[in-house]
Structure formats: C-alpha cells, structure tokens
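Coordinates from coords.txt are shown below (compact mmCIF, N, CA and C atoms).
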# COMPACT_ATOMS: atom_id res chain seq x y z
N MET B 128 -112.34 85.99 -122.10
CA MET B 128 -111.12 85.30 -121.74
C MET B 128 -109.92 86.05 -122.31
N LYS B 129 -108.90 86.22 -121.48
CA LYS B 129 -107.72 86.95 -121.91
C LYS B 129 -106.80 86.07 -122.74
N SER B 130 -106.19 86.68 -123.73
CA SER B 130 -105.25 85.94 -124.58
C SER B 130 -103.86 85.99 -123.96
N VAL B 131 -102.95 85.22 -124.53
CA VAL B 131 -101.57 85.23 -124.09
C VAL B 131 -100.97 86.62 -124.31
N GLY B 132 -101.33 87.23 -125.44
CA GLY B 132 -100.85 88.59 -125.73
C GLY B 132 -101.30 89.58 -124.68
N ASP B 133 -102.55 89.46 -124.21
CA ASP B 133 -103.05 90.34 -123.15
C ASP B 133 -102.24 90.15 -121.87
N TYR B 134 -101.88 88.91 -121.58
CA TYR B 134 -101.08 88.62 -120.38
C TYR B 134 -99.75 89.38 -120.44
N TYR B 135 -99.06 89.30 -121.58
CA TYR B 135 -97.77 89.98 -121.70
C TYR B 135 -97.93 91.49 -121.72
N GLU B 136 -99.00 91.99 -122.32
CA GLU B 136 -99.24 93.43 -122.28
C GLU B 136 -99.51 93.90 -120.85
N ASP B 137 -100.23 93.10 -120.07
CA ASP B 137 -100.45 93.42 -118.65
C ASP B 137 -99.12 93.47 -117.91
N GLN B 138 -98.25 92.50 -118.17
CA GLN B 138 -96.93 92.46 -117.53
C GLN B 138 -96.10 93.69 -117.91
N ALA B 139 -96.14 94.04 -119.19
CA ALA B 139 -95.40 95.21 -119.66
C ALA B 139 -95.95 96.49 -119.04
N ALA B 140 -97.26 96.61 -118.96
CA ALA B 140 -97.88 97.79 -118.35
C ALA B 140 -97.48 97.90 -116.88
N SER B 141 -97.42 96.79 -116.18
CA SER B 141 -96.98 96.80 -114.77
C SER B 141 -95.53 97.23 -114.66
N LEU B 142 -94.69 96.75 -115.55
CA LEU B 142 -93.28 97.12 -115.57
C LEU B 142 -93.13 98.62 -115.79
N ILE B 143 -93.87 99.13 -116.74
CA ILE B 143 -93.78 100.55 -117.09
C ILE B 143 -94.28 101.44 -115.95
N THR B 144 -95.45 101.13 -115.42
CA THR B 144 -95.98 101.97 -114.35
C THR B 144 -95.14 101.83 -113.08
N GLY B 145 -94.56 100.65 -112.87
CA GLY B 145 -93.66 100.45 -111.73
C GLY B 145 -92.40 101.29 -111.85
N ALA B 146 -92.01 101.62 -113.07
CA ALA B 146 -90.84 102.46 -113.31
C ALA B 146 -91.19 103.94 -113.26
N GLY B 147 -92.45 104.26 -112.98
CA GLY B 147 -92.86 105.65 -112.82
C GLY B 147 -93.38 106.33 -114.07
N LEU B 148 -93.57 105.59 -115.15
CA LEU B 148 -94.12 106.17 -116.37
C LEU B 148 -95.65 106.19 -116.28
N LEU B 149 -96.25 107.11 -116.97
CA LEU B 149 -97.71 107.28 -116.95
C LEU B 149 -98.32 106.60 -118.16
N LEU B 150 -99.18 105.62 -117.93
CA LEU B 150 -99.86 104.92 -119.01
C LEU B 150 -101.00 105.79 -119.52
N LEU B 151 -100.95 106.15 -120.81
CA LEU B 151 -101.97 107.00 -121.42
C LEU B 151 -103.03 106.20 -122.15
N GLU B 152 -102.59 105.15 -122.85
CA GLU B 152 -103.54 104.38 -123.65
C GLU B 152 -102.99 102.99 -123.94
N ARG B 153 -103.93 102.03 -124.06
CA ARG B 153 -103.58 100.66 -124.43
C ARG B 153 -104.28 100.30 -125.72
N ASN B 154 -103.61 99.54 -126.55
CA ASN B 154 -104.19 98.98 -127.77
C ASN B 154 -104.86 100.03 -128.66
N PHE B 155 -104.11 101.04 -129.01
CA PHE B 155 -104.60 102.05 -129.95
C PHE B 155 -104.59 101.44 -131.34
N ARG B 156 -105.78 101.28 -131.93
CA ARG B 156 -105.92 100.59 -133.22
C ARG B 156 -106.45 101.53 -134.30
N ARG B 157 -105.83 101.41 -135.45
CA ARG B 157 -106.29 102.08 -136.66
C ARG B 157 -106.02 101.14 -137.83
N LYS B 158 -106.43 101.54 -139.02
CA LYS B 158 -106.20 100.71 -140.21
C LYS B 158 -104.71 100.44 -140.43
N THR B 159 -103.88 101.38 -140.01
CA THR B 159 -102.43 101.25 -140.22
C THR B 159 -101.79 100.25 -139.28
N GLY B 160 -102.46 99.93 -138.18
CA GLY B 160 -101.89 98.99 -137.22
C GLY B 160 -102.35 99.27 -135.81
N GLU B 161 -101.58 98.73 -134.87
CA GLU B 161 -101.91 98.87 -133.45
C GLU B 161 -100.65 99.21 -132.67
N ILE B 162 -100.81 100.05 -131.67
CA ILE B 162 -99.74 100.32 -130.72
C ILE B 162 -100.20 99.75 -129.39
N ASP B 163 -99.39 98.87 -128.81
CA ASP B 163 -99.79 98.17 -127.60
C ASP B 163 -99.96 99.10 -126.41
N LEU B 164 -98.95 99.93 -126.15
CA LEU B 164 -99.00 100.84 -125.00
C LEU B 164 -98.47 102.21 -125.42
N ILE B 165 -99.14 103.24 -124.95
CA ILE B 165 -98.66 104.60 -125.16
C ILE B 165 -98.51 105.21 -123.78
N VAL B 166 -97.30 105.68 -123.48
CA VAL B 166 -97.00 106.16 -122.13
C VAL B 166 -96.27 107.49 -122.21
N GLN B 167 -96.25 108.16 -121.06
CA GLN B 167 -95.49 109.39 -120.94
C GLN B 167 -94.34 109.14 -119.98
N ASP B 168 -93.13 109.45 -120.44
CA ASP B 168 -91.92 109.32 -119.64
C ASP B 168 -91.34 110.71 -119.48
N GLY B 169 -91.76 111.39 -118.43
CA GLY B 169 -91.34 112.78 -118.25
C GLY B 169 -91.88 113.63 -119.38
N ALA B 170 -90.97 114.24 -120.13
CA ALA B 170 -91.36 115.11 -121.25
C ALA B 170 -91.52 114.34 -122.56
N HIS B 171 -91.29 113.01 -122.55
CA HIS B 171 -91.35 112.21 -123.77
C HIS B 171 -92.64 111.40 -123.87
N LEU B 172 -93.12 111.29 -125.08
CA LEU B 172 -94.23 110.40 -125.40
C LEU B 172 -93.61 109.12 -125.95
N VAL B 173 -94.00 107.99 -125.39
CA VAL B 173 -93.36 106.72 -125.74
C VAL B 173 -94.40 105.76 -126.29
N PHE B 174 -94.11 105.23 -127.47
CA PHE B 174 -94.95 104.22 -128.10
C PHE B 174 -94.26 102.88 -127.89
N VAL B 175 -94.96 101.94 -127.26
CA VAL B 175 -94.34 100.69 -126.84
C VAL B 175 -94.95 99.51 -127.58
N GLU B 176 -94.08 98.72 -128.18
CA GLU B 176 -94.48 97.47 -128.82
C GLU B 176 -94.09 96.34 -127.86
N VAL B 177 -95.06 95.49 -127.53
CA VAL B 177 -94.83 94.35 -126.65
C VAL B 177 -94.77 93.09 -127.50
N ARG B 178 -93.68 92.34 -127.37
CA ARG B 178 -93.51 91.12 -128.15
C ARG B 178 -93.11 89.98 -127.23
N ALA B 179 -93.59 88.79 -127.55
CA ALA B 179 -93.25 87.60 -126.77
C ALA B 179 -93.03 86.43 -127.70
N ARG B 180 -92.15 85.57 -127.30
CA ARG B 180 -91.89 84.34 -128.03
C ARG B 180 -91.86 83.19 -127.03
N SER B 181 -92.42 82.08 -127.43
CA SER B 181 -92.39 80.90 -126.56
C SER B 181 -91.34 79.91 -127.04
N ASN B 182 -90.78 80.15 -128.23
CA ASN B 182 -89.85 79.21 -128.82
C ASN B 182 -88.72 79.99 -129.50
N ARG B 183 -87.50 79.59 -129.27
CA ARG B 183 -86.35 80.26 -129.88
C ARG B 183 -86.05 79.78 -131.30
N ARG B 184 -86.82 78.85 -131.79
CA ARG B 184 -86.57 78.29 -133.11
C ARG B 184 -86.65 79.35 -134.20
N PHE B 185 -87.49 80.33 -134.01
CA PHE B 185 -87.64 81.38 -135.00
C PHE B 185 -86.89 82.61 -134.51
N ASP B 186 -87.28 83.77 -134.90
CA ASP B 186 -86.62 85.01 -134.49
C ASP B 186 -86.87 85.29 -133.01
N SER B 187 -86.02 86.09 -132.40
CA SER B 187 -86.24 86.50 -131.02
C SER B 187 -87.44 87.44 -130.96
N ALA B 188 -87.96 87.64 -129.78
CA ALA B 188 -89.11 88.54 -129.63
C ALA B 188 -88.74 89.95 -130.09
N ALA B 189 -87.60 90.44 -129.63
CA ALA B 189 -87.17 91.79 -130.02
C ALA B 189 -86.87 91.84 -131.52
N GLY B 190 -86.26 90.80 -132.06
CA GLY B 190 -85.91 90.76 -133.47
C GLY B 190 -87.11 90.69 -134.39
N SER B 191 -88.26 90.33 -133.84
CA SER B 191 -89.47 90.23 -134.67
C SER B 191 -90.07 91.59 -135.01
N VAL B 192 -89.55 92.65 -134.39
CA VAL B 192 -90.02 94.00 -134.73
C VAL B 192 -89.16 94.48 -135.90
N ASN B 193 -89.51 93.97 -137.07
CA ASN B 193 -88.74 94.26 -138.28
C ASN B 193 -89.09 95.63 -138.86
N THR B 194 -88.44 95.97 -139.96
CA THR B 194 -88.64 97.29 -140.59
C THR B 194 -90.10 97.52 -140.94
N ARG B 195 -90.76 96.53 -141.47
CA ARG B 195 -92.18 96.67 -141.85
C ARG B 195 -93.04 96.97 -140.62
N LYS B 196 -92.80 96.24 -139.53
CA LYS B 196 -93.56 96.46 -138.30
C LYS B 196 -93.27 97.86 -137.75
N GLN B 197 -92.02 98.28 -137.80
CA GLN B 197 -91.66 99.62 -137.34
C GLN B 197 -92.40 100.70 -138.12
N GLN B 198 -92.47 100.53 -139.44
CA GLN B 198 -93.17 101.51 -140.27
C GLN B 198 -94.64 101.58 -139.91
N ARG B 199 -95.26 100.45 -139.63
CA ARG B 199 -96.67 100.42 -139.23
C ARG B 199 -96.87 101.14 -137.90
N ILE B 200 -95.97 100.93 -136.98
CA ILE B 200 -96.06 101.59 -135.67
C ILE B 200 -95.91 103.10 -135.83
N VAL B 201 -94.96 103.53 -136.64
CA VAL B 201 -94.74 104.96 -136.86
C VAL B 201 -95.98 105.60 -137.48
N ARG B 202 -96.56 104.96 -138.50
CA ARG B 202 -97.78 105.50 -139.13
C ARG B 202 -98.92 105.58 -138.13
N THR B 203 -99.06 104.57 -137.31
CA THR B 203 -100.13 104.56 -136.31
C THR B 203 -99.87 105.62 -135.25
N ALA B 204 -98.62 105.83 -134.88
CA ALA B 204 -98.27 106.89 -133.93
C ALA B 204 -98.64 108.26 -134.48
N GLN B 205 -98.43 108.46 -135.78
CA GLN B 205 -98.81 109.73 -136.41
C GLN B 205 -100.31 109.95 -136.31
N LEU B 206 -101.09 108.91 -136.51
CA LEU B 206 -102.55 109.03 -136.38
C LEU B 206 -102.95 109.31 -134.93
N PHE B 207 -102.27 108.69 -133.99
CA PHE B 207 -102.54 108.96 -132.58
C PHE B 207 -102.33 110.45 -132.29
N LEU B 208 -101.24 111.00 -132.79
CA LEU B 208 -100.94 112.41 -132.54
C LEU B 208 -101.97 113.33 -133.20
N GLN B 209 -102.53 112.91 -134.33
CA GLN B 209 -103.58 113.71 -134.95
C GLN B 209 -104.82 113.76 -134.06
N HIS B 210 -105.07 112.70 -133.32
CA HIS B 210 -106.23 112.64 -132.43
C HIS B 210 -105.96 113.26 -131.06
N ARG B 211 -104.70 113.51 -130.75
CA ARG B 211 -104.32 114.09 -129.46
C ARG B 211 -103.41 115.29 -129.70
N PRO B 212 -103.94 116.37 -130.26
CA PRO B 212 -103.10 117.51 -130.63
C PRO B 212 -102.38 118.15 -129.43
N ASN B 213 -102.87 117.93 -128.23
CA ASN B 213 -102.19 118.48 -127.05
C ASN B 213 -100.84 117.81 -126.81
N LEU B 214 -100.59 116.66 -127.45
CA LEU B 214 -99.33 115.93 -127.26
C LEU B 214 -98.38 116.06 -128.45
N ILE B 215 -98.82 116.77 -129.49
CA ILE B 215 -98.08 116.76 -130.77
C ILE B 215 -96.68 117.36 -130.67
N ASN B 216 -96.43 118.24 -129.72
CA ASN B 216 -95.11 118.87 -129.62
C ASN B 216 -94.15 118.12 -128.70
N MET B 217 -94.59 117.02 -128.14
CA MET B 217 -93.71 116.24 -127.27
C MET B 217 -92.73 115.42 -128.10
N PRO B 218 -91.48 115.33 -127.67
CA PRO B 218 -90.57 114.42 -128.37
C PRO B 218 -91.04 112.99 -128.19
N CYS B 219 -90.90 112.18 -129.23
CA CYS B 219 -91.41 110.80 -129.21
C CYS B 219 -90.27 109.80 -129.21
N ARG B 220 -90.58 108.65 -128.62
CA ARG B 220 -89.62 107.55 -128.56
C ARG B 220 -90.38 106.26 -128.83
N PHE B 221 -89.69 105.31 -129.44
CA PHE B 221 -90.29 104.01 -129.74
C PHE B 221 -89.52 102.93 -128.98
N ASP B 222 -90.19 102.30 -128.04
CA ASP B 222 -89.59 101.26 -127.21
C ASP B 222 -90.16 99.89 -127.57
N VAL B 223 -89.42 98.86 -127.25
CA VAL B 223 -89.88 97.49 -127.38
C VAL B 223 -89.67 96.81 -126.03
N ILE B 224 -90.70 96.14 -125.56
CA ILE B 224 -90.57 95.28 -124.39
C ILE B 224 -90.74 93.86 -124.89
N ALA B 225 -89.65 93.10 -124.77
CA ALA B 225 -89.60 91.75 -125.33
C ALA B 225 -89.53 90.71 -124.22
N PHE B 226 -90.40 89.74 -124.31
CA PHE B 226 -90.42 88.61 -123.39
C PHE B 226 -89.80 87.44 -124.15
N GLU B 227 -88.55 87.14 -123.81
CA GLU B 227 -87.80 86.09 -124.50
C GLU B 227 -88.02 84.76 -123.79
N PRO B 228 -88.08 83.66 -124.54
CA PRO B 228 -88.34 82.36 -123.94
C PRO B 228 -87.21 81.92 -123.01
N PRO B 229 -87.56 81.13 -122.00
CA PRO B 229 -86.53 80.66 -121.06
C PRO B 229 -85.55 79.71 -121.74
N GLN B 230 -84.36 79.67 -121.20
CA GLN B 230 -83.34 78.74 -121.69
C GLN B 230 -83.05 77.73 -120.60
N SER B 231 -83.29 76.48 -120.89
CA SER B 231 -83.01 75.35 -119.99
C SER B 231 -83.38 75.62 -118.53
N GLY B 232 -84.66 75.81 -118.30
CA GLY B 232 -85.17 75.91 -116.94
C GLY B 232 -85.15 77.28 -116.31
N THR B 233 -84.59 78.28 -116.98
CA THR B 233 -84.61 79.62 -116.41
C THR B 233 -85.97 80.25 -116.66
N SER B 234 -86.23 81.36 -116.02
CA SER B 234 -87.51 82.03 -116.23
C SER B 234 -87.44 82.91 -117.48
N THR B 235 -88.59 83.35 -117.93
CA THR B 235 -88.68 84.21 -119.10
C THR B 235 -87.88 85.48 -118.85
N ARG B 236 -87.09 85.87 -119.84
CA ARG B 236 -86.26 87.07 -119.72
C ARG B 236 -87.02 88.24 -120.33
N ILE B 237 -87.04 89.35 -119.60
CA ILE B 237 -87.72 90.56 -120.08
C ILE B 237 -86.65 91.57 -120.49
N ARG B 238 -86.76 92.06 -121.72
CA ARG B 238 -85.85 93.09 -122.22
C ARG B 238 -86.67 94.33 -122.56
N TRP B 239 -86.35 95.45 -121.93
CA TRP B 239 -86.98 96.73 -122.24
C TRP B 239 -85.96 97.52 -123.04
N ILE B 240 -86.22 97.66 -124.32
CA ILE B 240 -85.29 98.35 -125.21
C ILE B 240 -85.83 99.76 -125.45
N ARG B 241 -85.24 100.71 -124.76
CA ARG B 241 -85.66 102.11 -124.91
C ARG B 241 -85.03 102.67 -126.20
N GLY B 242 -85.84 103.37 -126.97
CA GLY B 242 -85.35 103.92 -128.24
C GLY B 242 -84.94 102.80 -129.19
N ALA B 243 -85.76 101.77 -129.29
CA ALA B 243 -85.45 100.59 -130.09
C ALA B 243 -85.29 100.94 -131.58
N PHE B 244 -86.03 101.93 -132.03
CA PHE B 244 -85.91 102.38 -133.41
C PHE B 244 -86.37 103.83 -133.47
N THR B 245 -86.06 104.49 -134.57
CA THR B 245 -86.43 105.90 -134.74
C THR B 245 -87.31 106.07 -135.96
N ALA B 246 -88.02 107.18 -135.96
CA ALA B 246 -88.92 107.47 -137.09
C ALA B 246 -88.20 108.26 -138.15
Output the structure of this file as structure tokens.
Amino acid sequence: MKSVGDYYEDQAASLITGAGLLLLERNFRRKTGEIDLIVQDGAHLVFVEVRARSNRRFDSAAGSVNTRKQQRIVRTAQLFLQHRPNLINMPCRFDVIAFEPPQSGTSTRIRWIRGAFTA
C-alpha cells in the first residue's frame, strides 16, 4: 500500500518529467538520510526534496526544509556522487517541491523552488 508521501513523490516526479527533466533515481537512502528524487536538468544534477503539509498550523511545507534537513540532504548527495562517479563533475542544484495545504476550499498549491538552498 502506498503512503501519502509516496503519492506526493509520484506527483512531484510527474511534474518534473513533464517539464522535460530526466528522472535518474528515487528514494536514494543512506545512513545520512534520503533524497526523494534525483534528476538531470540539462547539464545540472538536481537533488529534490518533496514536502507536503495537510495543516497550516505548523510550518509551511517549504519552510520545513530547515538547516538540519538541508545538511542531511547535502551529505547524502555527496554519497550519491561517490557511487556515481560519472556524474561527479556536473554542477549540482538543490530544489524543493512543496505541496502546501489548501486555503478555504482551494486546491493544494504546488511550489517548485529551484535552487532552494546551496551546499
């Protein structure tokens, strides 16, 4: 059975491939953390964090990618590059795709933040 997180990752993957980016890997996991989607955007390697919130009471989906989470993603990206030496010379980018909860009857808002943070 698919989780809610899998649903949003599927939606993000569809958004990315629909925009012409090449999906290289999903759910790359190591002890340091997980990267939801790894894609190629032309000459760039892009590490994508997918976040969703169902309630605005706490932080926004995009805002939940705090400094600690960013550091985990960067460390995991470094491990990915060690396993894929053919990609090591590509410039890297860190994106966030955030599914924000609807406001008073509107549909879920999707925010694709390219270059959301740097290493």
Study note, to complete from the structure: Counting only C-alpha atoms, closest pick from B:Ala204, B:Ile215, B:Ala225, B:Val192 relative to Ala139 of chain B is B:Ala225
Practice item. In Å, rounded to a single decimal, give me how far atom CA of Val223 of chain B is from atom CA of Leu151 of chain B. Key: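 Going from atom CA of Leu151 of chain B over to atom CA of Val223 of chain B, I get 16.5 Å.
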Point to revise | Non-local contacts of Glu227 of chain B (6 Å; all atoms listed in the file; under 3 positions in same chain excluded) as a PyMOL selection string | key: chain B and resi 179-180+188+235-238
Okay, now the selection with N, CA and C atoms, as a PDB file, in the coordinates of the input?
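As written to disk, part03.pdb reads:
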ATOM      1  N   ALA B 179     -93.590  88.790-127.550  1.00  0.00           N
ATOM      2  CA  ALA B 179     -93.250  87.600-126.770  1.00  0.00           C
ATOM      3  C   ALA B 179     -93.030  86.430-127.700  1.00  0.00           C
ATOM      4  N   ARG B 180     -92.150  85.570-127.300  1.00  0.00           N
ATOM      5  CA  ARG B 180     -91.890  84.340-128.030  1.00  0.00           C
ATOM      6  C   ARG B 180     -91.860  83.190-127.030  1.00  0.00           C
ATOM      7  N   ALA B 188     -87.960  87.640-129.780  1.00  0.00           N
ATOM      8  CA  ALA B 188     -89.110  88.540-129.630  1.00  0.00           C
ATOM      9  C   ALA B 188     -88.740  89.950-130.090  1.00  0.00           C
ATOM     10  N   THR B 235     -88.590  83.350-117.930  1.00  0.00           N
ATOM     11  CA  THR B 235     -88.680  84.210-119.100  1.00  0.00           C
ATOM     12  C   THR B 235     -87.880  85.480-118.850  1.00  0.00           C
ATOM     13  N   ARG B 236     -87.090  85.870-119.840  1.00  0.00           N
ATOM     14  CA  ARG B 236     -86.260  87.070-119.720  1.00  0.00           C
ATOM     15  C   ARG B 236     -87.020  88.240-120.330  1.00  0.00           C
ATOM     16  N   ILE B 237     -87.040  89.350-119.600  1.00  0.00           N
ATOM     17  CA  ILE B 237     -87.720  90.560-120.080  1.00  0.00           C
ATOM     18  C   ILE B 237     -86.650  91.570-120.490  1.00  0.00           C
ATOM     19  N   ARG B 238     -86.760  92.060-121.720  1.00  0.00           N
ATOM     20  CA  ARG B 238     -85.850  93.090-122.220  1.00  0.00           C
ATOM     21  C   ARG B 238     -86.670  94.330-122.560  1.00  0.00           C
TER      22      ARG B 238
END
